[in-house]
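The data block below is model_15.csv; it holds CSV, C-alpha atoms.
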chain,number,residue,atom,x,y,z
J,1,MET,CA,9.2,-5.1,-51.8
J,2,THR,CA,10.4,-7.1,-48.9
J,3,PRO,CA,13.6,-9.1,-49.6
J,4,ILE,CA,12.8,-12.8,-49.7
J,5,ARG,CA,15.5,-13.5,-47.2
J,6,ALA,CA,13.9,-11.2,-44.7
J,7,SER,CA,10.6,-13.0,-45.1
J,8,ILE,CA,12.2,-16.4,-44.6
J,9,ALA,CA,14.1,-15.2,-41.5
J,10,GLY,CA,11.0,-13.6,-40.1
J,11,ALA,CA,9.0,-16.8,-40.7
J,12,ILE,CA,11.6,-19.0,-39.0
J,13,ALA,CA,11.9,-16.8,-36.0
J,14,SER,CA,8.1,-16.7,-35.5
J,15,LEU,CA,7.9,-20.5,-35.9
J,16,ILE,CA,10.6,-20.9,-33.3
J,17,LEU,CA,8.7,-18.6,-30.9
J,18,ILE,CA,5.4,-20.6,-31.4
J,19,LEU,CA,7.2,-23.9,-30.9
J,20,VAL,CA,9.0,-22.8,-27.7
J,21,VAL,CA,5.7,-21.4,-26.3
J,22,VAL,CA,3.8,-24.6,-27.1
J,23,GLU,CA,6.6,-26.7,-25.6
J,24,LEU,CA,6.5,-24.7,-22.4
J,25,VAL,CA,2.8,-25.1,-22.1
J,26,ARG,CA,3.0,-28.8,-22.8
J,27,GLY,CA,5.6,-29.2,-20.1
J,28,ARG,CA,3.3,-27.2,-17.7
J,29,ARG,CA,6.0,-24.5,-17.3
J,30,LEU,CA,3.8,-21.8,-18.7
J,31,LYS,CA,0.1,-21.5,-18.0
J,32,GLU,CA,-2.3,-21.2,-21.0
J,33,ARG,CA,-3.6,-17.8,-20.0
J,34,TYR,CA,-0.1,-16.4,-20.1
J,35,ALA,CA,0.8,-18.2,-23.3
J,36,LEU,CA,-2.0,-16.7,-25.3
J,37,LEU,CA,-0.4,-13.3,-25.9
J,38,TRP,CA,2.9,-14.9,-26.9
J,39,LEU,CA,1.1,-17.3,-29.3
J,40,ALA,CA,-0.8,-14.3,-30.8
J,41,THR,CA,2.6,-12.5,-31.3
J,42,GLY,CA,4.1,-15.6,-33.0
J,43,VAL,CA,1.1,-16.1,-35.3
J,44,VAL,CA,0.8,-12.5,-36.4
J,45,LEU,CA,4.5,-12.2,-37.1
J,46,LEU,CA,4.4,-15.5,-39.0
J,47,VAL,CA,1.5,-14.4,-41.1
J,48,LEU,CA,3.1,-11.0,-41.9
J,49,SER,CA,6.4,-12.8,-42.8
J,50,ILE,CA,4.8,-15.3,-45.2
J,51,TRP,CA,2.1,-13.0,-46.7
J,52,ARG,CA,4.5,-10.6,-48.4
J,53,GLY,CA,1.8,-8.7,-50.3
J,54,GLY,CA,0.0,-8.1,-47.1
J,55,LEU,CA,3.1,-6.7,-45.4
J,56,ASN,CA,3.6,-4.4,-48.3
J,57,THR,CA,0.0,-3.2,-48.2
J,58,ILE,CA,0.2,-2.4,-44.5
J,59,ALA,CA,3.6,-0.7,-44.9
J,60,GLY,CA,1.9,1.4,-47.6
J,61,TRP,CA,-0.9,2.4,-45.2
J,62,LEU,CA,1.7,3.5,-42.6
J,63,GLY,CA,3.7,5.4,-45.1
J,64,VAL,CA,6.7,3.0,-44.8
J,65,THR,CA,7.7,3.0,-48.4
J,66,SER,CA,11.5,2.4,-48.3
J,67,TYR,CA,11.7,-0.8,-46.2
J,68,PRO,CA,8.5,-2.7,-45.5
J,69,PRO,CA,10.1,-5.3,-43.1
J,70,ALA,CA,10.3,-2.3,-40.6
J,71,VAL,CA,6.6,-3.0,-40.1
J,72,LEU,CA,7.6,-6.4,-38.7
J,73,PHE,CA,9.7,-4.7,-36.0
J,74,ALA,CA,6.9,-2.3,-35.2
J,75,VAL,CA,4.4,-5.1,-34.8
J,76,ALA,CA,6.8,-7.2,-32.7
J,77,THR,CA,7.5,-4.2,-30.5
J,78,LEU,CA,3.8,-3.4,-30.1
J,79,PHE,CA,3.2,-7.0,-29.0
J,80,ILE,CA,6.1,-7.0,-26.5
J,81,PHE,CA,4.6,-3.8,-25.0
J,82,LEU,CA,1.3,-5.6,-24.6
J,83,VAL,CA,2.8,-8.6,-23.0
J,84,LEU,CA,4.9,-6.5,-20.5
J,85,LEU,CA,1.9,-4.4,-19.6
J,86,HIS,CA,-0.2,-7.5,-19.1
J,87,TYR,CA,2.5,-8.9,-16.8
J,88,SER,CA,2.6,-5.6,-14.8
J,89,THR,CA,-1.1,-6.0,-14.1
J,90,VAL,CA,-0.5,-9.6,-13.1
J,91,ILE,CA,2.3,-8.7,-10.8
J,92,SER,CA,0.1,-6.0,-9.2
J,93,ARG,CA,-2.7,-8.4,-8.6
J,94,LEU,CA,-0.2,-11.0,-7.2
J,95,THR,CA,1.2,-8.4,-4.8
J,96,ASP,CA,-2.2,-7.5,-3.5
J,97,GLU,CA,-3.1,-11.1,-3.1
J,98,ASN,CA,0.2,-11.8,-1.3
J,99,VAL,CA,-0.4,-9.0,1.2
J,100,ASP,CA,-3.9,-10.1,1.8
J,101,LEU,CA,-2.7,-13.6,2.5
J,102,ALA,CA,0.0,-12.4,4.9
J,103,GLN,CA,-2.6,-10.3,6.7
J,104,ARG,CA,-5.1,-13.2,7.0
J,105,ILE,CA,-2.4,-15.5,8.3
J,106,ALA,CA,-1.3,-13.0,10.9
J,107,LEU,CA,-4.9,-12.6,12.1
J,108,LEU,CA,-5.5,-16.4,12.1
J,109,GLU,CA,-2.2,-17.1,13.9
J,110,GLU,CA,-3.1,-14.6,16.6
J,111,ARG,CA,-6.6,-16.2,17.0
J,112,LEU,CA,-5.0,-19.7,17.1
J,113,SER,CA,-2.6,-18.7,19.8
J,114,ARG,CA,-5.5,-17.4,21.9
J,115,GLU,CA,-7.4,-20.6,21.6
J,116,ARG,CA,-4.4,-22.9,22.0
J,117,PRO,CA,-1.6,-21.1,24.0
J,118,PRO,CA,1.8,-22.2,22.8
J,119,PRO,CA,3.6,-24.6,25.3
J,120,ARG,CA,5.7,-22.6,27.7
J,121,GLU,CA,9.4,-23.3,27.9
J,122,GLY,CA,11.0,-24.5,31.2
B,1,MET,CA,-15.2,1.2,31.5
B,2,ARG,CA,-15.5,-1.4,28.8
B,3,GLN,CA,-12.6,-2.3,26.7
B,4,ASP,CA,-13.6,-0.8,23.3
B,5,VAL,CA,-10.4,1.0,22.2
B,6,VAL,CA,-7.7,-0.8,20.3
B,7,ALA,CA,-4.3,0.8,19.7
B,8,ILE,CA,-2.7,-0.3,16.4
B,9,VAL,CA,1.1,-0.1,16.4
B,10,PRO,CA,3.0,-1.1,13.3
B,11,ALA,CA,6.6,-2.1,14.0
B,12,TRP,CA,9.5,-3.3,12.0
B,13,ASN,CA,12.7,-4.0,13.9
B,14,GLU,CA,11.8,-1.8,16.8
B,15,ALA,CA,12.8,-4.1,19.6
B,16,ALA,CA,14.6,-1.2,21.4
B,17,ALA,CA,11.6,1.1,21.3
B,18,ILE,CA,8.5,-1.0,21.2
B,19,GLY,CA,8.4,-2.0,24.9
B,20,GLY,CA,8.4,1.7,25.9
B,21,VAL,CA,5.6,2.5,23.3
B,22,VAL,CA,3.4,-0.3,24.7
B,23,ASP,CA,4.1,0.8,28.3
B,24,GLU,CA,3.2,4.4,27.5
B,25,ILE,CA,-0.1,3.5,26.0
B,26,LEU,CA,-1.0,1.3,28.9
B,27,ALA,CA,0.1,4.0,31.3
B,28,PHE,CA,-2.3,6.4,29.6
B,29,ASP,CA,-5.2,4.0,29.8
B,30,PRO,CA,-4.7,0.4,31.0
B,31,THR,CA,-8.0,-0.7,29.4
B,32,ILE,CA,-6.7,0.0,25.8
B,33,HIS,CA,-6.0,-3.2,24.0
B,34,VAL,CA,-2.6,-2.7,22.4
B,35,VAL,CA,-2.0,-4.6,19.2
B,36,VAL,CA,1.5,-4.6,17.7
B,37,VAL,CA,1.7,-5.6,14.0
B,38,ASP,CA,5.1,-7.2,13.6
B,39,ASP,CA,6.1,-6.6,10.0
B,40,ALA,CA,8.4,-9.6,9.8
B,41,SER,CA,11.1,-8.1,12.0
B,42,ASP,CA,14.5,-9.7,12.2
B,43,ASP,CA,14.9,-8.7,15.9
B,44,GLU,CA,13.0,-9.4,19.1
B,45,THR,CA,10.2,-6.9,18.4
B,46,ALA,CA,7.4,-9.5,18.7
B,47,SER,CA,8.5,-11.1,21.9
B,48,VAL,CA,9.3,-7.7,23.6
B,49,ALA,CA,5.9,-6.4,22.6
B,50,GLN,CA,4.3,-9.6,24.0
B,51,ARG,CA,6.2,-9.4,27.3
B,52,HIS,CA,4.9,-5.8,27.8
B,53,GLY,CA,1.4,-7.0,27.4
B,54,ALA,CA,0.6,-6.4,23.7
B,55,THR,CA,-1.2,-8.7,21.4
B,56,VAL,CA,1.1,-9.4,18.4
B,57,LEU,CA,-0.1,-9.9,14.8
B,58,PRO,CA,2.9,-11.6,13.1
B,59,LEU,CA,3.2,-10.9,9.4
B,60,LEU,CA,4.7,-13.8,7.4
B,61,PHE,CA,6.9,-11.4,5.3
B,62,ASN,CA,7.6,-7.7,5.2
B,63,VAL,CA,4.6,-6.0,3.6
B,64,GLY,CA,5.5,-2.4,4.4
B,65,ILE,CA,3.9,0.1,6.7
B,66,GLY,CA,0.6,0.4,5.0
B,67,GLY,CA,-0.1,-3.3,4.7
B,68,ALA,CA,1.0,-3.7,8.3
B,69,VAL,CA,-1.3,-0.9,9.6
B,70,GLN,CA,-4.2,-2.4,7.6
B,71,THR,CA,-3.7,-5.7,9.3
B,72,GLY,CA,-4.5,-3.8,12.6
B,73,PHE,CA,-7.6,-2.3,11.1
B,74,ARG,CA,-8.8,-5.7,9.9
B,75,TYR,CA,-8.3,-7.0,13.5
B,76,ALA,CA,-10.2,-4.0,14.9
B,77,ARG,CA,-13.0,-4.6,12.5
B,78,ASP,CA,-13.2,-8.3,13.0
B,79,GLU,CA,-13.0,-8.1,16.8
B,80,GLY,CA,-15.7,-5.4,16.9
B,81,TYR,CA,-13.8,-2.5,18.5
B,82,GLU,CA,-15.6,0.9,18.5
B,83,ILE,CA,-12.5,3.1,18.4
B,84,ALA,CA,-9.0,2.5,17.0
B,85,VAL,CA,-5.9,4.7,17.5
B,86,ARG,CA,-2.8,4.3,15.5
B,87,LEU,CA,0.7,5.1,16.8
B,88,ASP,CA,4.1,4.5,15.3
B,89,GLY,CA,6.3,1.8,16.8
B,90,ASP,CA,9.4,3.9,17.1
B,91,GLY,CA,8.1,6.1,20.0
B,92,GLN,CA,7.7,9.4,18.1
B,93,HIS,CA,4.0,9.6,19.0
B,94,ASP,CA,3.4,10.6,22.6
B,95,ALA,CA,0.7,8.3,24.1
B,96,SER,CA,-0.1,10.9,26.8
B,97,GLU,CA,-1.7,13.0,23.9
B,98,LEU,CA,-4.1,10.1,23.0
B,99,GLY,CA,-6.9,11.8,25.0
B,100,LYS,CA,-6.9,14.8,22.5
B,101,LEU,CA,-7.3,12.4,19.6
B,102,ILE,CA,-9.9,10.0,21.2
B,103,GLY,CA,-12.0,12.9,22.6
B,104,PRO,CA,-13.7,14.1,19.4
B,105,VAL,CA,-14.3,10.5,18.2
B,106,ARG,CA,-15.8,9.5,21.5
B,107,ALA,CA,-18.0,12.6,21.5
B,108,GLY,CA,-19.3,11.8,18.0
B,109,GLU,CA,-17.9,15.0,16.6
B,110,ALA,CA,-15.5,13.3,14.1
B,111,ASP,CA,-15.0,10.0,12.4
B,112,LEU,CA,-11.3,10.5,12.1
B,113,VAL,CA,-9.0,12.6,14.2
B,114,ILE,CA,-5.4,13.2,13.0
B,115,GLY,CA,-2.7,14.5,15.2
B,116,SER,CA,-1.1,17.4,13.2
B,117,ARG,CA,2.1,19.2,14.0
B,118,PHE,CA,0.9,22.3,12.2
B,119,VAL,CA,-2.6,23.2,13.4
B,120,ASP,CA,-1.2,25.7,15.8
B,121,PRO,CA,1.2,28.1,14.0
B,122,GLY,CA,3.2,28.4,17.2
B,123,GLY,CA,4.0,24.6,17.3
B,124,THR,CA,7.6,23.8,18.0
B,125,TYR,CA,8.2,21.3,15.1
B,126,ARG,CA,10.5,22.8,12.5
B,127,PRO,CA,11.4,20.2,9.9
B,128,PRO,CA,14.3,20.9,7.4
B,129,PHE,CA,13.3,23.2,4.5
B,130,ALA,CA,12.8,20.5,1.9
B,131,ARG,CA,10.7,18.3,4.1
B,132,ARG,CA,8.6,21.3,5.2
B,133,MET,CA,7.9,22.2,1.6
B,134,GLY,CA,7.0,18.6,0.8
B,135,ILE,CA,4.6,18.5,3.7
B,136,ARG,CA,3.0,21.8,2.7
B,137,VAL,CA,2.6,20.8,-1.0
B,138,PHE,CA,0.9,17.5,0.0
B,139,ALA,CA,-1.3,19.3,2.5
B,140,ARG,CA,-2.4,21.9,-0.2
B,141,LEU,CA,-3.0,19.1,-2.7
B,142,VAL,CA,-5.1,17.0,-0.3
B,143,SER,CA,-7.0,20.0,0.8
B,144,LEU,CA,-7.8,20.9,-2.8
B,145,LEU,CA,-8.8,17.4,-3.9
B,146,GLY,CA,-10.6,16.5,-0.7
B,147,GLY,CA,-12.5,19.7,-0.2
B,148,GLN,CA,-11.3,20.3,3.4
B,149,LYS,CA,-8.3,22.1,4.8
B,150,VAL,CA,-5.7,19.7,6.2
B,151,THR,CA,-2.4,20.8,7.6
B,152,ASP,CA,-0.4,17.6,8.2
B,153,THR,CA,-1.0,14.7,5.8
B,154,THR,CA,2.1,12.8,6.7
B,155,SER,CA,1.2,12.1,10.3
B,156,GLY,CA,0.3,8.6,11.3
B,157,PHE,CA,-0.9,9.6,14.7
B,158,SER,CA,-4.7,9.2,14.5
B,159,ALA,CA,-7.9,8.0,16.1
B,160,MET,CA,-11.1,6.8,14.4
B,161,ASN,CA,-14.5,5.3,15.0
B,162,ARG,CA,-16.2,2.3,13.5
B,163,ALA,CA,-16.7,4.1,10.1
B,164,GLY,CA,-13.0,4.8,9.9
B,165,ILE,CA,-12.0,1.3,10.9
B,166,GLU,CA,-14.3,-0.3,8.3
B,167,LEU,CA,-13.1,2.0,5.6
B,168,PHE,CA,-9.4,1.5,6.3
B,169,ALA,CA,-9.8,-2.3,6.7
B,170,LEU,CA,-11.1,-2.3,3.1
B,171,GLU,CA,-9.1,0.5,1.5
B,172,TYR,CA,-5.6,1.3,2.8
B,173,PRO,CA,-2.7,2.3,0.5
B,174,HIS,CA,0.3,0.0,0.8
B,175,ASP,CA,3.5,2.1,0.7
B,176,TYR,CA,3.8,5.6,2.1
B,177,PRO,CA,0.1,5.5,3.0
B,178,GLU,CA,-0.7,8.5,5.2
B,179,VAL,CA,-1.1,11.2,2.6
B,180,GLU,CA,-3.3,9.0,0.3
B,181,ALA,CA,-5.3,7.6,3.3
B,182,THR,CA,-6.2,11.2,4.3
B,183,LEU,CA,-7.6,11.8,0.9
B,184,VAL,CA,-9.4,8.5,0.8
B,185,ALA,CA,-11.1,9.3,4.1
B,186,LEU,CA,-12.2,12.7,2.9
B,187,ARG,CA,-13.6,11.4,-0.4
B,188,SER,CA,-15.4,8.6,1.4
B,189,GLY,CA,-17.2,11.3,3.4
B,190,LEU,CA,-15.5,10.7,6.8
B,191,ARG,CA,-15.7,13.8,9.1
B,192,LEU,CA,-12.1,14.7,9.7
B,193,THR,CA,-10.7,16.8,12.5
B,194,GLN,CA,-7.1,17.7,13.3
B,195,VAL,CA,-5.7,18.4,16.7
B,196,GLN,CA,-2.3,19.9,17.5
B,197,VAL,CA,0.3,17.4,18.8
B,198,GLU,CA,4.0,17.4,19.3
B,199,MET,CA,6.1,14.6,18.0
B,200,ARG,CA,9.4,13.5,19.4
B,201,GLU,CA,12.6,13.0,17.5
B,202,ARG,CA,13.1,9.3,16.7
B,203,GLN,CA,14.7,7.5,19.6
B,204,THR,CA,16.1,4.6,17.7
B,205,GLY,CA,16.4,3.4,14.2
B,206,THR,CA,16.2,5.6,11.1
B,207,SER,CA,13.3,7.2,9.3
B,208,SER,CA,11.9,5.0,6.5
B,209,ILE,CA,12.2,8.1,4.3
B,210,THR,CA,15.9,8.4,3.3
B,211,PHE,CA,17.2,11.0,1.0
B,212,VAL,CA,17.4,8.6,-1.9
B,213,ARG,CA,13.8,7.4,-1.5
B,214,SER,CA,12.3,10.8,-1.2
B,215,LEU,CA,12.0,11.3,-4.9
B,216,TYR,CA,10.1,8.0,-5.3
B,217,TYR,CA,8.1,9.0,-2.3
B,218,ILE,CA,7.0,12.3,-3.9
B,219,VAL,CA,6.2,10.9,-7.3
B,220,LYS,CA,4.4,7.9,-5.9
B,221,VAL,CA,2.3,10.0,-3.6
B,222,MET,CA,1.5,12.5,-6.3
B,223,LEU,CA,0.4,9.8,-8.7
B,224,ALA,CA,-1.6,8.1,-5.9
B,225,LEU,CA,-3.4,11.3,-5.1
B,226,LEU,CA,-4.4,12.0,-8.7
B,227,VAL,CA,-5.6,8.4,-9.1
B,228,ALA,CA,-7.4,8.5,-5.8
B,229,SER,CA,-9.3,11.5,-6.9
B,230,LEU,CA,-10.5,9.8,-10.0
B,231,ARG,CA,-11.6,6.6,-8.2
B,232,ARG,CA,-15.0,6.1,-6.6
B,233,TYR,CA,-15.0,5.3,-2.9
B,234,PRO,CA,-17.9,3.9,-0.8
B,235,LYS,CA,-19.8,6.6,0.9
B,236,LEU,CA,-20.0,5.9,4.6
B,237,GLU,CA,-23.1,7.9,5.6
B,238,ALA,CA,-24.8,4.7,6.7
B,239,ALA,CA,-21.9,3.6,8.9
B,240,ARG,CA,-22.1,6.6,11.1
B,241,ARG,CA,-24.0,6.7,14.3

Reformat the file's structure so that it appears as structure tokens.
Amino acid sequence: MTPIRASIAGAIASLILILVVVELVRGRRLKERYALLWLATGVVLLVLSIWRGGLNTIAGWLGVTSYPPAVLFAVATLFIFLVLLHYSTVISRLTDENVDLAQRIALLEERLSRERPPPREG
Amino acid sequence: MRQDVVAIVPAWNEAAAIGGVVDEILAFDPTIHVVVVDDASDDETASVAQRHGATVLPLLFNVGIGGAVQTGFRYARDEGYEIAVRLDGDGQHDASELGKLIGPVRAGEADLVIGSRFVDPGGTYRPPFARRMGIRVFARLVSLLGGQKVTDTTSGFSAMNRAGIELFALEYPHDYPEVEATLVALRSGLRLTQVQVEMRERQTGTSSITFVRSLYYIVKVMLALLVASLRRYPKLEAARR
């Protein structure tokens, strides 16, 4: 059975995560679409911390008999992988969009200089 | 002769060499429109190129060789050029050999002509062992995946028609692009021909492929080739004439 202290610590940590994410979204420092995975992480960890029987059952399915809170670490790690992978796709998209923008600006700048030649010095 | 050939020259901090490159292209054929893509150089690359008669496409920040070259392809597509040639900005490609590259494109025999250092086994280019092996492995792999024998996949010296321009304006890999671009061209159904060319030793600057980066280069290109062979590319039958 999960020690009661481990459950309490897990619940407090997930609550802090949820509160920090909500506060960042409220202050517009984090966009909702990027907050969703973090909120899901917090909620799942909170549920597994409070619902001690559930955690034990899942640990049983996974064959983790000696120390059920290890499942909390496993779930947290899984979610962190998901968040990081998601960010990698976001960075890739941003990179492509950035290059596309630089290319368009280069083409537009050249066209502009043809139509309106820059003033010559001297 | 109407002006329907554009020369795309990507350049990053090549102020010392770019003037000569532009002059050489114009000496080969003064009707070619030379476009230098300035990949956010810190030196005078853009103004030198402009003084020598090139059109300059100024990139806002450094996007790397592939993104720079693609800017040129987009320009060629948007401005309606029939033929594009691509030369490096460091002067290693000899513009007097452009005729060999443009010929098969002009004659309608090929959509893409690549200047290869290894078509003719008697060629004089003898790279160091490691690089020679790398070039050979990439060539084998691209030949296998693309279904046509290619001998030099790392060469950026090339000429293409409208079908090639339109393909590369849409799909061009961003870093270390040449190997992957060759495969993309083959898988899109472009007719590819190679002609023997000589390349000069670099006159200024250093190769973008340093010893440290070569491992990343090899792994990245291998991955890109495998992924490229799993992707679908637009078939370009309709674009041919």

Q: For chain B, work out the contacting residues on chain J at 10 Å, counting only C-alpha atoms, and write them as a PyMOL selection string.
A: chain J and resi 95-96+98-111+114

What would the file look like if the residues just selected were written as a PDB file, keeping the file's coordinate frame with C-alpha atoms?
ATOM      1  CA  THR J  95       1.200  -8.400  -4.800  1.00  0.00           C
ATOM      2  CA  ASP J  96      -2.200  -7.500  -3.500  1.00  0.00           C
ATOM      3  CA  ASN J  98       0.200 -11.800  -1.300  1.00  0.00           C
ATOM      4  CA  VAL J  99      -0.400  -9.000   1.200  1.00  0.00           C
ATOM      5  CA  ASP J 100      -3.900 -10.100   1.800  1.00  0.00           C
ATOM      6  CA  LEU J 101      -2.700 -13.600   2.500  1.00  0.00           C
ATOM      7  CA  ALA J 102       0.000 -12.400   4.900  1.00  0.00           C
ATOM      8  CA  GLN J 103      -2.600 -10.300   6.700  1.00  0.00           C
ATOM      9  CA  ARG J 104      -5.100 -13.200   7.000  1.00  0.00           C
ATOM     10  CA  ILE J 105      -2.400 -15.500   8.300  1.00  0.00           C
ATOM     11  CA  ALA J 106      -1.300 -13.000  10.900  1.00  0.00           C
ATOM     12  CA  LEU J 107      -4.900 -12.600  12.100  1.00  0.00           C
ATOM     13  CA  LEU J 108      -5.500 -16.400  12.100  1.00  0.00           C
ATOM     14  CA  GLU J 109      -2.200 -17.100  13.900  1.00  0.00           C
ATOM     15  CA  GLU J 110      -3.100 -14.600  16.600  1.00  0.00           C
ATOM     16  CA  ARG J 111      -6.600 -16.200  17.000  1.00  0.00           C
ATOM     17  CA  ARG J 114      -5.500 -17.400  21.900  1.00  0.00           C
TER      18      ARG J 114
END

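The space separating CA of Phe73 (chain J) from CA of Thr89 (chain J) comes to 24.5 Å.
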
Q: Using CA of Ile18 (chain B) and CA of Pro177 (chain B) as the two end points, give the distance in Å to one decimal.
A: 21.1 Å

Q.
Please list as an MDAnalysis selection string every residue within 12 Å of Phe73 (chain B), counting all atoms listed in the file and excluding residues in the same chain fewer than 3 positions away.
A. (chainID J and resid 103:104 107) or (chainID B and resid 5:10 35:37 57 66:70 76:86 159:172)

Find the residues around region 217-222 of chain B up to 8 Å (only C-alpha atoms counted), leave out those fewer than 3 positions away in its own chain, and share them as a CSV table (one decimal) with C-alpha atoms, keeping the file's coordinate frame.
chain,number,residue,atom,x,y,z
B,134,GLY,CA,7.0,18.6,0.8
B,176,TYR,CA,3.8,5.6,2.1
B,179,VAL,CA,-1.1,11.2,2.6
B,180,GLU,CA,-3.3,9.0,0.3
B,209,ILE,CA,12.2,8.1,4.3
B,213,ARG,CA,13.8,7.4,-1.5
B,214,SER,CA,12.3,10.8,-1.2
B,225,LEU,CA,-3.4,11.3,-5.1
B,226,LEU,CA,-4.4,12.0,-8.7

**Q.** Residues near His93 (chain B), cut-off 12 Å, only C-alpha atoms, skip fewer than 2 positions along chain, as an MDAnalysis selection string
**A.** chainID B and resid 9 17:18 20:22 24:25 85:91 95:98 101 114:117 155:158 197:203

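One distance worth recording is that between CA of Val83 (chain J) and CA of Trp38 (chain J), which is 7.4 Å.
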
Q: For a cut-off of 6 Å around (4.6, -22.6, -22.9), file coordinates, pick out all residues using only C-alpha atoms and list them as a list of chain:residue names.
A: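 Using only C-alpha atoms, the matching residues come out as J:Val21, J:Val22, J:Glu23, J:Leu24, J:Val25, J:Leu30, J:Ala35.
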
Could those residues be written to a file, using C-alpha atoms, as an mmCIF file, in the frame of the given file?
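The result, stored in part_37.cif:
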data_model
loop_
_atom_site.group_PDB
_atom_site.id
_atom_site.type_symbol
_atom_site.label_atom_id
_atom_site.label_comp_id
_atom_site.auth_asym_id
_atom_site.auth_seq_id
_atom_site.Cartn_x
_atom_site.Cartn_y
_atom_site.Cartn_z
ATOM 1 C CA VAL J 21 5.700 -21.400 -26.300
ATOM 2 C CA VAL J 22 3.800 -24.600 -27.100
ATOM 3 C CA GLU J 23 6.600 -26.700 -25.600
ATOM 4 C CA LEU J 24 6.500 -24.700 -22.400
ATOM 5 C CA VAL J 25 2.800 -25.100 -22.100
ATOM 6 C CA LEU J 30 3.800 -21.800 -18.700
ATOM 7 C CA ALA J 35 0.800 -18.200 -23.300
#

I'd like the contact shell of Ile4 (chain J) - 12 Å cut-off, only C-alpha atoms, skipping same-chain residues fewer than 5 positions apart - returned as an mmCIF file with C-alpha atoms, keeping the file's coordinate frame.
data_model
loop_
_atom_site.group_PDB
_atom_site.id
_atom_site.type_symbol
_atom_site.label_atom_id
_atom_site.label_comp_id
_atom_site.auth_asym_id
_atom_site.auth_seq_id
_atom_site.Cartn_x
_atom_site.Cartn_y
_atom_site.Cartn_z
ATOM 1 C CA ALA J 9 14.100 -15.200 -41.500
ATOM 2 C CA GLY J 10 11.000 -13.600 -40.100
ATOM 3 C CA ALA J 11 9.000 -16.800 -40.700
ATOM 4 C CA SER J 49 6.400 -12.800 -42.800
ATOM 5 C CA ILE J 50 4.800 -15.300 -45.200
ATOM 6 C CA TRP J 51 2.100 -13.000 -46.700
ATOM 7 C CA ARG J 52 4.500 -10.600 -48.400
ATOM 8 C CA GLY J 53 1.800 -8.700 -50.300
ATOM 9 C CA PRO J 68 8.500 -2.700 -45.500
ATOM 10 C CA PRO J 69 10.100 -5.300 -43.100
#

Q) If you count all atoms listed in the file, which residues fall within 12 Å of Val47 (chain J), apart from same-chain ones fewer than 3 positions away, as a VMD selection string? A) chain J and resid 7 to 8 10 to 15 40 to 44 50 to 55 72 75

My structure is short of atoms at region 45-56 of chain B; please model N, CA and C atoms there, returning them as a short mmCIF file (atom, residue, chain, number, x, y, z; two decimals), in the frame of the given file.
data_model
loop_
_atom_site.label_atom_id
_atom_site.label_comp_id
_atom_site.auth_asym_id
_atom_site.auth_seq_id
_atom_site.Cartn_x
_atom_site.Cartn_y
_atom_site.Cartn_z
N THR B 45 11.33 -7.79 18.26
CA THR B 45 10.20 -6.90 18.40
C THR B 45 8.92 -7.63 18.90
N ALA B 46 8.62 -8.79 18.31
CA ALA B 46 7.40 -9.50 18.70
C ALA B 46 7.41 -9.94 20.13
N SER B 47 8.51 -10.57 20.57
CA SER B 47 8.50 -11.10 21.90
C SER B 47 8.58 -9.97 22.97
N VAL B 48 9.30 -8.89 22.65
CA VAL B 48 9.30 -7.70 23.60
C VAL B 48 7.93 -7.18 23.73
N ALA B 49 7.23 -6.99 22.60
CA ALA B 49 5.90 -6.40 22.60
C ALA B 49 4.97 -7.32 23.49
N GLN B 50 5.09 -8.63 23.29
CA GLN B 50 4.30 -9.60 24.00
C GLN B 50 4.53 -9.52 25.51
N ARG B 51 5.82 -9.44 25.86
CA ARG B 51 6.20 -9.40 27.30
C ARG B 51 5.60 -8.13 27.95
N HIS B 52 5.47 -7.04 27.18
CA HIS B 52 4.90 -5.80 27.80
C HIS B 52 3.43 -5.77 27.73
N GLY B 53 2.80 -6.86 27.28
CA GLY B 53 1.40 -7.00 27.40
C GLY B 53 0.58 -6.66 26.12
N ALA B 54 1.26 -6.61 24.97
CA ALA B 54 0.60 -6.40 23.70
C ALA B 54 0.17 -7.67 23.05
N THR B 55 -0.91 -7.60 22.27
CA THR B 55 -1.20 -8.70 21.40
C THR B 55 -0.38 -8.49 20.11
N VAL B 56 0.20 -9.56 19.59
CA VAL B 56 1.10 -9.40 18.40
C VAL B 56 0.44 -10.08 17.20
#
